[in-house]
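What follows is a single structure, written as structure tokens, with notes after it.
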Amino acid sequence: MNSGWKLFLANKGAVFGAILLMIMTFAGVFGERLYPVSATDIVAAPMSPPSATLPLGADYLGRDVFAGLLHGAGTTLVIGVAATLATVLIGLLMGAIAGFSGRRVDNILMRVTEFFQVLPPILLAMVLVSVFGAKIWNVILVIGLVTWPPLARLTRAEFLKLKEREFIRAEYAMGSSNLNIMFRVLLPNASPPLIVAAALNIGTAILFESGLSF
């Protein structure tokens with residue numbers, strides 16, 4: 001067992017969080033099969049308390065709250081992960097090109113990034129969803145479009161830091177192409193902070209999805 005796993009297992013909070021995350025993910029993926037109750041059917045009197053048949057009681061319309069929680073968890077996970085993938089795709093491309101290219105391209109792409117950053121993201125998302133519709137894939141794309149700037153700036157910073165290193169100059173000396181250096185040399189070396197930022201963005205995407213659902 002390597003030192004990383006030892007440190008992780010020694011941290012009780014981290015272990016508890018990982019177990020809780022696995023339980024929530026399992027419930028989101030398999031919840032509908034384990035608890036095959038409709039989340040939209042009226043099954044009891046409004047605001048019924050928890051019971052043997054209603055683990056979390058009923059809402060103000062008489063719908064099963066536990067069924068709604070499980071059914072909604074699956075959709076929320078899909079939106080969170082898919083929106084993060086869209087964010088990563090846009091942010092990595094913009095940041096990598098800006099950090100690797102010269103000043104002119106860098107300045108143009110950073111002005112575009114700043115334009116998206118100065119706009120209130122939740123309001124921009126609301127406008128885009130109202131224009132294109134509230135379908136799940138529209139919501140995913142909209143969240144990706146309003147949450148990519150921080151990842152783009154982080155990617156740019158990592159590329160700017162790494163592209164002056166000696167191993168990059170060695171790649172140029174060996175005749176490597178710009179695309180090869182960007183995506184096969186620079187990107188893997190810049191990936192640790194980007195992976196952390198992408199993982200944290202899943203929570204941000206879920207919060208945006210929750211806000212838009214209102």
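Please note that chains go A, B, ... in the order of the structure tokens, that every chain numbers its residues from 1, and that ligands are numbered from 1 in the order shown.
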Cut-off 12 Å: closest region 79-106 of chain A/region 116-138 of chain A atom pairs per residue, using only C-alpha atoms, as JSON lines:
```
{"residue": "A:Ile79", "atom": "CA", "partner": "A:Ile136", "partner_atom": "CA", "distance": 7.4}
{"residue": "A:Gly80", "atom": "CA", "partner": "A:Ile136", "partner_atom": "CA", "distance": 11.0}
{"residue": "A:Ala82", "atom": "CA", "partner": "A:Trp137", "partner_atom": "CA", "distance": 8.8}
{"residue": "A:Ala83", "atom": "CA", "partner": "A:Trp137", "partner_atom": "CA", "distance": 8.9}
{"residue": "A:Ala86", "atom": "CA", "partner": "A:Trp137", "partner_atom": "CA", "distance": 10.8}
{"residue": "A:Gly91", "atom": "CA", "partner": "A:Phe116", "partner_atom": "CA", "distance": 11.9}
```
Take the residues that were just selected and, keeping N, CA, C and O atoms, output them as a compact mmCIF listing (two decimals), in the first residue's frame.
```txt
# COMPACT_ATOMS: atom_id res chain seq x y z
N ILE A 79 -26.41 15.33 -15.19
CA ILE A 79 -26.18 16.73 -15.54
C ILE A 79 -24.85 17.22 -14.98
O ILE A 79 -24.07 17.90 -15.67
N GLY A 80 -24.54 16.87 -13.72
CA GLY A 80 -23.30 17.33 -13.12
C GLY A 80 -22.07 16.83 -13.85
O GLY A 80 -21.15 17.60 -14.15
N ALA A 82 -21.92 15.41 -17.02
CA ALA A 82 -21.90 15.81 -18.43
C ALA A 82 -21.58 17.30 -18.58
O ALA A 82 -20.82 17.68 -19.48
N ALA A 83 -22.13 18.13 -17.71
CA ALA A 83 -21.83 19.56 -17.77
C ALA A 83 -20.36 19.82 -17.46
O ALA A 83 -19.73 20.70 -18.07
N ALA A 86 -18.38 19.14 -20.53
CA ALA A 86 -18.47 20.28 -21.46
C ALA A 86 -17.58 21.43 -20.98
O ALA A 86 -16.89 22.07 -21.78
N GLY A 91 -12.92 24.76 -21.55
CA GLY A 91 -11.88 25.41 -20.77
C GLY A 91 -10.47 24.96 -21.15
O GLY A 91 -9.56 25.78 -21.25
```
### Filtered DSSP result for region 36-191 of chain A, state strand (DSSP E or B), as a list in words
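Selecting the strand (DSSP E or B) positions of region 36-191 of chain A gives Ile42, Ala58, Arg63 and Asp64 of chain A.
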So that I have them on file, write out the residues from the current selection with C-alpha atoms, as a PDB file, in the first residue's frame.
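The new file result30.pdb reads:
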```pdb
ATOM      1  CA  ILE A  42     -50.051  11.013  -5.735  1.00  0.00           C
ATOM      2  CA  ALA A  58     -45.224  12.917   1.210  1.00  0.00           C
ATOM      3  CA  ARG A  63     -46.106  12.515  -3.816  1.00  0.00           C
ATOM      4  CA  ASP A  64     -43.499  10.179  -2.350  1.00  0.00           C
TER       5      ASP A  64
END
```
Proximity of region 46-114 of chain A to region 12-36 of chain A: per-residue shortest pair, 7 Å limit, only C-alpha atoms, as JSON lines:
```
{"residue": "A:Leu70", "atom": "CA", "partner": "A:Gly31", "partner_atom": "CA", "distance": 5.3}
{"residue": "A:His71", "atom": "CA", "partner": "A:Glu32", "partner_atom": "CA", "distance": 6.0}
{"residue": "A:Ala73", "atom": "CA", "partner": "A:Gly28", "partner_atom": "CA", "distance": 4.6}
{"residue": "A:Gly74", "atom": "CA", "partner": "A:Gly28", "partner_atom": "CA", "distance": 4.1}
{"residue": "A:Leu77", "atom": "CA", "partner": "A:Gly28", "partner_atom": "CA", "distance": 6.9}
```
Kindly save the residues from that selection, with N, CA, C and O atoms included, as a compact mmCIF listing (two decimals), in the first residue's frame.
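Now in selection-v1.txt:
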```
# COMPACT_ATOMS: atom_id res chain seq x y z
N LEU A 70 -34.68 9.89 -5.05
CA LEU A 70 -33.90 8.91 -5.81
C LEU A 70 -33.97 9.18 -7.30
O LEU A 70 -32.95 9.10 -8.00
N HIS A 71 -35.15 9.49 -7.82
CA HIS A 71 -35.28 9.75 -9.25
C HIS A 71 -34.51 11.02 -9.65
O HIS A 71 -33.89 11.06 -10.70
N ALA A 73 -31.89 12.22 -8.11
CA ALA A 73 -30.44 12.05 -7.94
C ALA A 73 -29.78 11.56 -9.21
O ALA A 73 -28.69 12.00 -9.57
N GLY A 74 -30.43 10.64 -9.91
CA GLY A 74 -29.86 10.13 -11.16
C GLY A 74 -29.72 11.21 -12.20
O GLY A 74 -28.67 11.35 -12.84
N LEU A 77 -26.91 13.66 -11.21
CA LEU A 77 -25.58 13.13 -11.48
C LEU A 77 -25.23 13.21 -12.96
O LEU A 77 -24.11 13.58 -13.32
```
### Task
Between A:Ala170, A:Val88, A:Ala205, A:Ala45, single out the one closest to Ser191 (chain A), counting only C-alpha atoms.
A:Val88
### d(CA of Gly95 (chain A), CA of Glu158 (chain A)) in Å
9.0 Å
Step one, run DSSP on the backbone; step two, keep only residues of chain A assigned to helix (DSSP H, G or I); then write them as a PDB file with C-alpha atoms, in the first residue's frame.
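Listed below is the output, result.pdb:
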```pdb
ATOM      1  CA  SER A   3       1.871   6.360   1.178  1.00  0.00           C
ATOM      2  CA  GLY A   4      -1.030   8.138  -0.537  1.00  0.00           C
ATOM      3  CA  TRP A   5      -3.511   5.422   0.418  1.00  0.00           C
ATOM      4  CA  LYS A   6      -2.122   5.304   3.956  1.00  0.00           C
ATOM      5  CA  LEU A   7      -2.657   9.039   4.360  1.00  0.00           C
ATOM      6  CA  PHE A   8      -6.163   8.738   2.930  1.00  0.00           C
ATOM      7  CA  LEU A   9      -7.171   5.864   5.211  1.00  0.00           C
ATOM      8  CA  ALA A  10      -5.721   7.673   8.214  1.00  0.00           C
ATOM      9  CA  LYS A  12     -11.389   9.609   9.024  1.00  0.00           C
ATOM     10  CA  GLY A  13     -13.177  12.569   7.464  1.00  0.00           C
ATOM     11  CA  ALA A  14     -11.913  11.675   3.996  1.00  0.00           C
ATOM     12  CA  VAL A  15     -12.934   8.029   4.390  1.00  0.00           C
ATOM     13  CA  PHE A  16     -16.386   9.000   5.656  1.00  0.00           C
ATOM     14  CA  GLY A  17     -16.804  11.445   2.761  1.00  0.00           C
ATOM     15  CA  ALA A  18     -15.744   8.804   0.218  1.00  0.00           C
ATOM     16  CA  ILE A  19     -18.213   6.264   1.639  1.00  0.00           C
ATOM     17  CA  LEU A  20     -21.004   8.848   1.626  1.00  0.00           C
ATOM     18  CA  LEU A  21     -20.170   9.799  -1.956  1.00  0.00           C
ATOM     19  CA  MET A  22     -20.260   6.141  -3.046  1.00  0.00           C
ATOM     20  CA  ILE A  23     -23.623   5.633  -1.349  1.00  0.00           C
ATOM     21  CA  MET A  24     -25.070   8.728  -3.022  1.00  0.00           C
ATOM     22  CA  THR A  25     -23.708   7.693  -6.421  1.00  0.00           C
ATOM     23  CA  PHE A  26     -25.091   4.170  -6.014  1.00  0.00           C
ATOM     24  CA  ALA A  27     -28.479   5.576  -5.021  1.00  0.00           C
ATOM     25  CA  GLY A  28     -28.488   7.901  -8.012  1.00  0.00           C
ATOM     26  CA  VAL A  29     -27.585   5.162 -10.480  1.00  0.00           C
ATOM     27  CA  PHE A  30     -29.657   2.256  -9.141  1.00  0.00           C
ATOM     28  CA  GLY A  31     -32.254   4.011  -6.972  1.00  0.00           C
ATOM     29  CA  GLU A  32     -35.126   3.731  -9.434  1.00  0.00           C
ATOM     30  CA  ARG A  33     -34.602  -0.038  -9.714  1.00  0.00           C
ATOM     31  CA  LEU A  34     -34.272  -0.580  -5.971  1.00  0.00           C
ATOM     32  CA  VAL A  65     -40.555  12.360  -1.266  1.00  0.00           C
ATOM     33  CA  PHE A  66     -38.111   9.426  -1.147  1.00  0.00           C
ATOM     34  CA  ALA A  67     -39.007   8.405  -4.712  1.00  0.00           C
ATOM     35  CA  GLY A  68     -38.515  11.977  -5.877  1.00  0.00           C
ATOM     36  CA  LEU A  69     -35.139  12.105  -4.151  1.00  0.00           C
ATOM     37  CA  LEU A  70     -33.901   8.912  -5.810  1.00  0.00           C
ATOM     38  CA  HIS A  71     -35.281   9.755  -9.255  1.00  0.00           C
ATOM     39  CA  GLY A  72     -33.865  13.263  -9.104  1.00  0.00           C
ATOM     40  CA  ALA A  73     -30.443  12.052  -7.939  1.00  0.00           C
ATOM     41  CA  GLY A  74     -29.858  10.127 -11.160  1.00  0.00           C
ATOM     42  CA  THR A  75     -30.724  13.118 -13.338  1.00  0.00           C
ATOM     43  CA  THR A  76     -28.604  15.411 -11.174  1.00  0.00           C
ATOM     44  CA  LEU A  77     -25.575  13.127 -11.481  1.00  0.00           C
ATOM     45  CA  VAL A  78     -25.937  12.952 -15.262  1.00  0.00           C
ATOM     46  CA  ILE A  79     -26.176  16.731 -15.541  1.00  0.00           C
ATOM     47  CA  GLY A  80     -23.302  17.327 -13.118  1.00  0.00           C
ATOM     48  CA  VAL A  81     -20.883  14.956 -14.853  1.00  0.00           C
ATOM     49  CA  ALA A  82     -21.902  15.811 -18.426  1.00  0.00           C
ATOM     50  CA  ALA A  83     -21.827  19.564 -17.771  1.00  0.00           C
ATOM     51  CA  THR A  84     -18.372  19.202 -16.236  1.00  0.00           C
ATOM     52  CA  LEU A  85     -17.182  17.376 -19.347  1.00  0.00           C
ATOM     53  CA  ALA A  86     -18.472  20.281 -21.456  1.00  0.00           C
ATOM     54  CA  THR A  87     -16.731  22.733 -19.116  1.00  0.00           C
ATOM     55  CA  VAL A  88     -13.469  20.790 -19.328  1.00  0.00           C
ATOM     56  CA  LEU A  89     -13.618  20.568 -23.118  1.00  0.00           C
ATOM     57  CA  ILE A  90     -14.179  24.307 -23.581  1.00  0.00           C
ATOM     58  CA  GLY A  91     -11.878  25.405 -20.772  1.00  0.00           C
ATOM     59  CA  LEU A  92      -8.986  23.147 -21.747  1.00  0.00           C
ATOM     60  CA  LEU A  93      -9.100  24.168 -25.405  1.00  0.00           C
ATOM     61  CA  MET A  94      -9.320  27.895 -24.656  1.00  0.00           C
ATOM     62  CA  GLY A  95      -6.685  27.792 -21.926  1.00  0.00           C
ATOM     63  CA  ALA A  96      -4.273  25.538 -23.801  1.00  0.00           C
ATOM     64  CA  ILE A  97      -4.388  27.627 -26.976  1.00  0.00           C
ATOM     65  CA  ALA A  98      -4.074  30.880 -25.018  1.00  0.00           C
ATOM     66  CA  GLY A  99      -1.181  29.637 -22.907  1.00  0.00           C
ATOM     67  CA  PHE A 100       0.720  28.074 -25.774  1.00  0.00           C
ATOM     68  CA  ARG A 103       0.556  37.354 -27.259  1.00  0.00           C
ATOM     69  CA  ARG A 104      -2.017  38.263 -29.912  1.00  0.00           C
ATOM     70  CA  VAL A 105      -3.979  35.007 -29.682  1.00  0.00           C
ATOM     71  CA  ASP A 106      -3.565  34.951 -25.909  1.00  0.00           C
ATOM     72  CA  ASN A 107      -4.954  38.481 -25.558  1.00  0.00           C
ATOM     73  CA  ILE A 108      -7.958  37.758 -27.769  1.00  0.00           C
ATOM     74  CA  LEU A 109      -8.882  34.552 -25.962  1.00  0.00           C
ATOM     75  CA  MET A 110      -8.410  36.125 -22.534  1.00  0.00           C
ATOM     76  CA  ARG A 111     -10.680  39.037 -23.468  1.00  0.00           C
ATOM     77  CA  VAL A 112     -13.324  36.501 -24.499  1.00  0.00           C
ATOM     78  CA  THR A 113     -12.817  34.696 -21.190  1.00  0.00           C
ATOM     79  CA  GLU A 114     -13.134  37.918 -19.225  1.00  0.00           C
ATOM     80  CA  PHE A 115     -16.330  38.779 -21.102  1.00  0.00           C
ATOM     81  CA  PHE A 116     -17.912  35.565 -19.833  1.00  0.00           C
ATOM     82  CA  GLN A 117     -16.514  36.130 -16.342  1.00  0.00           C
ATOM     83  CA  VAL A 118     -17.994  39.605 -15.872  1.00  0.00           C
ATOM     84  CA  PRO A 121     -23.280  33.229 -14.656  1.00  0.00           C
ATOM     85  CA  ILE A 122     -26.621  32.183 -13.170  1.00  0.00           C
ATOM     86  CA  LEU A 123     -28.451  35.030 -14.937  1.00  0.00           C
ATOM     87  CA  LEU A 124     -26.724  34.202 -18.230  1.00  0.00           C
ATOM     88  CA  ALA A 125     -27.662  30.549 -17.758  1.00  0.00           C
ATOM     89  CA  MET A 126     -31.289  31.494 -17.092  1.00  0.00           C
ATOM     90  CA  VAL A 127     -31.421  33.588 -20.264  1.00  0.00           C
ATOM     91  CA  LEU A 128     -29.872  30.852 -22.411  1.00  0.00           C
ATOM     92  CA  VAL A 129     -32.160  28.150 -20.997  1.00  0.00           C
ATOM     93  CA  SER A 130     -35.211  30.351 -21.598  1.00  0.00           C
ATOM     94  CA  VAL A 131     -34.088  30.899 -25.196  1.00  0.00           C
ATOM     95  CA  PHE A 132     -33.106  27.328 -26.096  1.00  0.00           C
ATOM     96  CA  ILE A 136     -31.614  18.217 -20.274  1.00  0.00           C
ATOM     97  CA  TRP A 137     -28.967  18.521 -23.009  1.00  0.00           C
ATOM     98  CA  ASN A 138     -29.635  22.246 -23.347  1.00  0.00           C
ATOM     99  CA  VAL A 139     -29.123  22.631 -19.597  1.00  0.00           C
ATOM    100  CA  ILE A 140     -25.861  20.662 -19.798  1.00  0.00           C
ATOM    101  CA  LEU A 141     -24.502  22.821 -22.623  1.00  0.00           C
ATOM    102  CA  VAL A 142     -25.599  26.036 -20.946  1.00  0.00           C
ATOM    103  CA  ILE A 143     -23.875  25.119 -17.674  1.00  0.00           C
ATOM    104  CA  GLY A 144     -20.737  24.248 -19.620  1.00  0.00           C
ATOM    105  CA  LEU A 145     -20.869  27.606 -21.412  1.00  0.00           C
ATOM    106  CA  VAL A 146     -21.084  29.655 -18.208  1.00  0.00           C
ATOM    107  CA  THR A 147     -18.615  27.731 -16.006  1.00  0.00           C
ATOM    108  CA  PRO A 149     -13.615  30.513 -17.649  1.00  0.00           C
ATOM    109  CA  PRO A 150     -11.939  29.540 -14.321  1.00  0.00           C
ATOM    110  CA  LEU A 151     -10.701  26.264 -15.811  1.00  0.00           C
ATOM    111  CA  ALA A 152      -9.466  28.093 -18.913  1.00  0.00           C
ATOM    112  CA  ARG A 153      -7.472  30.555 -16.814  1.00  0.00           C
ATOM    113  CA  LEU A 154      -6.007  27.734 -14.711  1.00  0.00           C
ATOM    114  CA  THR A 155      -5.022  25.797 -17.849  1.00  0.00           C
ATOM    115  CA  ARG A 156      -3.426  28.908 -19.344  1.00  0.00           C
ATOM    116  CA  ALA A 157      -1.443  29.547 -16.172  1.00  0.00           C
ATOM    117  CA  GLU A 158      -0.137  25.965 -16.092  1.00  0.00           C
ATOM    118  CA  PHE A 159       0.838  26.078 -19.771  1.00  0.00           C
ATOM    119  CA  LEU A 160       2.616  29.412 -19.352  1.00  0.00           C
ATOM    120  CA  LYS A 161       4.553  27.989 -16.400  1.00  0.00           C
ATOM    121  CA  LEU A 162       5.531  24.758 -18.118  1.00  0.00           C
ATOM    122  CA  GLU A 166      13.891  22.557 -20.485  1.00  0.00           C
ATOM    123  CA  PHE A 167      12.009  19.390 -21.443  1.00  0.00           C
ATOM    124  CA  ILE A 168       9.744  21.473 -23.704  1.00  0.00           C
ATOM    125  CA  ARG A 169      12.767  22.965 -25.419  1.00  0.00           C
ATOM    126  CA  ALA A 170      14.072  19.430 -25.859  1.00  0.00           C
ATOM    127  CA  GLU A 171      10.800  18.483 -27.585  1.00  0.00           C
ATOM    128  CA  TYR A 172      11.258  21.379 -30.013  1.00  0.00           C
ATOM    129  CA  ALA A 173      14.846  20.271 -30.638  1.00  0.00           C
ATOM    130  CA  ASN A 178       3.007  22.115 -31.645  1.00  0.00           C
ATOM    131  CA  LEU A 179      -0.066  19.887 -31.264  1.00  0.00           C
ATOM    132  CA  ASN A 180       2.080  17.035 -29.956  1.00  0.00           C
ATOM    133  CA  ILE A 181       3.742  19.309 -27.423  1.00  0.00           C
ATOM    134  CA  MET A 182       0.419  20.829 -26.332  1.00  0.00           C
ATOM    135  CA  PHE A 183      -1.613  17.685 -25.828  1.00  0.00           C
ATOM    136  CA  ARG A 184       0.932  14.908 -25.321  1.00  0.00           C
ATOM    137  CA  VAL A 185       3.568  16.726 -23.282  1.00  0.00           C
ATOM    138  CA  LEU A 186       2.193  19.898 -21.677  1.00  0.00           C
ATOM    139  CA  LEU A 187      -1.328  18.688 -20.898  1.00  0.00           C
ATOM    140  CA  PRO A 188      -0.297  15.538 -18.951  1.00  0.00           C
ATOM    141  CA  ASN A 189       2.167  17.596 -16.888  1.00  0.00           C
ATOM    142  CA  ALA A 190      -0.475  20.249 -16.193  1.00  0.00           C
ATOM    143  CA  SER A 191      -3.215  17.732 -15.389  1.00  0.00           C
ATOM    144  CA  PRO A 192      -3.036  17.395 -11.530  1.00  0.00           C
ATOM    145  CA  PRO A 193      -4.551  20.818 -10.679  1.00  0.00           C
ATOM    146  CA  LEU A 194      -6.897  20.569 -13.671  1.00  0.00           C
ATOM    147  CA  ILE A 195      -8.275  17.236 -12.442  1.00  0.00           C
ATOM    148  CA  VAL A 196      -8.943  18.746  -9.011  1.00  0.00           C
ATOM    149  CA  ALA A 197     -10.657  21.778 -10.558  1.00  0.00           C
ATOM    150  CA  ALA A 198     -12.787  19.541 -12.798  1.00  0.00           C
ATOM    151  CA  ALA A 199     -13.861  17.399  -9.833  1.00  0.00           C
ATOM    152  CA  LEU A 200     -14.879  20.482  -7.853  1.00  0.00           C
ATOM    153  CA  ASN A 201     -16.781  21.765 -10.890  1.00  0.00           C
ATOM    154  CA  ILE A 202     -19.216  18.828 -10.616  1.00  0.00           C
ATOM    155  CA  GLY A 203     -20.576  20.379  -7.421  1.00  0.00           C
ATOM    156  CA  THR A 204     -20.796  23.770  -9.132  1.00  0.00           C
ATOM    157  CA  ALA A 205     -22.700  22.242 -12.039  1.00  0.00           C
ATOM    158  CA  ILE A 206     -25.158  20.577  -9.660  1.00  0.00           C
ATOM    159  CA  LEU A 207     -25.736  23.893  -7.876  1.00  0.00           C
ATOM    160  CA  PHE A 208     -26.392  25.603 -11.221  1.00  0.00           C
ATOM    161  CA  GLU A 209     -28.801  22.842 -12.190  1.00  0.00           C
ATOM    162  CA  SER A 210     -30.610  23.237  -8.872  1.00  0.00           C
ATOM    163  CA  GLY A 211     -30.895  26.984  -9.380  1.00  0.00           C
ATOM    164  CA  LEU A 212     -32.179  26.611 -12.923  1.00  0.00           C
ATOM    165  CA  SER A 213     -34.780  24.050 -11.812  1.00  0.00           C
TER     166      SER A 213
END
```
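Between CA of Gly62 (chain A) and CA of Ala44 (chain A) the interatomic distance comes to 4.9 Å.
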### Residues within 7 Å of region 46-50 of chain A, only C-alpha atoms, excluding chain neighbours under 2 positions, as an NGL selection string
:A and (44 or 54-62)
Expected file: the selected residues, N, CA and C atoms, as an mmCIF file, in the first residue's frame:
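Below is the file result.cif, written as the result:
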```cif
data_model
loop_
_atom_site.group_PDB
_atom_site.id
_atom_site.type_symbol
_atom_site.label_atom_id
_atom_site.label_comp_id
_atom_site.auth_asym_id
_atom_site.auth_seq_id
_atom_site.Cartn_x
_atom_site.Cartn_y
_atom_site.Cartn_z
ATOM 1 N N ALA A 44 -50.412 9.490 -1.329
ATOM 2 C CA ALA A 44 -50.870 9.667 0.045
ATOM 3 C C ALA A 44 -51.455 11.064 0.195
ATOM 4 N N LEU A 54 -43.842 5.128 3.307
ATOM 5 C CA LEU A 54 -43.306 6.418 2.854
ATOM 6 C C LEU A 54 -42.109 6.776 3.746
ATOM 7 N N PRO A 55 -40.913 6.329 3.374
ATOM 8 C CA PRO A 55 -39.740 6.535 4.248
ATOM 9 C C PRO A 55 -39.493 7.986 4.622
ATOM 10 N N LEU A 56 -39.781 8.921 3.694
ATOM 11 C CA LEU A 56 -39.568 10.342 3.975
ATOM 12 C C LEU A 56 -40.875 11.128 3.949
ATOM 13 N N GLY A 57 -41.988 10.438 3.951
ATOM 14 C CA GLY A 57 -43.276 11.110 3.942
ATOM 15 C C GLY A 57 -43.682 11.553 2.541
ATOM 16 N N ALA A 58 -44.701 12.410 2.483
ATOM 17 C CA ALA A 58 -45.224 12.917 1.210
ATOM 18 C C ALA A 58 -45.088 14.431 1.164
ATOM 19 N N ASP A 59 -45.023 14.975 -0.049
ATOM 20 C CA ASP A 59 -44.900 16.424 -0.192
ATOM 21 C C ASP A 59 -46.277 17.088 -0.166
ATOM 22 N N TYR A 60 -46.319 18.353 -0.543
ATOM 23 C CA TYR A 60 -47.571 19.106 -0.438
ATOM 24 C C TYR A 60 -48.639 18.643 -1.429
ATOM 25 N N LEU A 61 -48.248 17.813 -2.411
ATOM 26 C CA LEU A 61 -49.223 17.256 -3.350
ATOM 27 C C LEU A 61 -49.539 15.793 -3.052
ATOM 28 N N GLY A 62 -48.834 15.206 -2.097
ATOM 29 C CA GLY A 62 -49.050 13.803 -1.778
ATOM 30 C C GLY A 62 -48.139 12.854 -2.527
#
```
### Task
Go ahead and compute the interatomic distance for CA of Gly175 (chain A) and CA of Lys163 (chain A), in Å to one decimal.
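Between CA of Gly175 (chain A) and CA of Lys163 (chain A) the gap is 15.3 Å.
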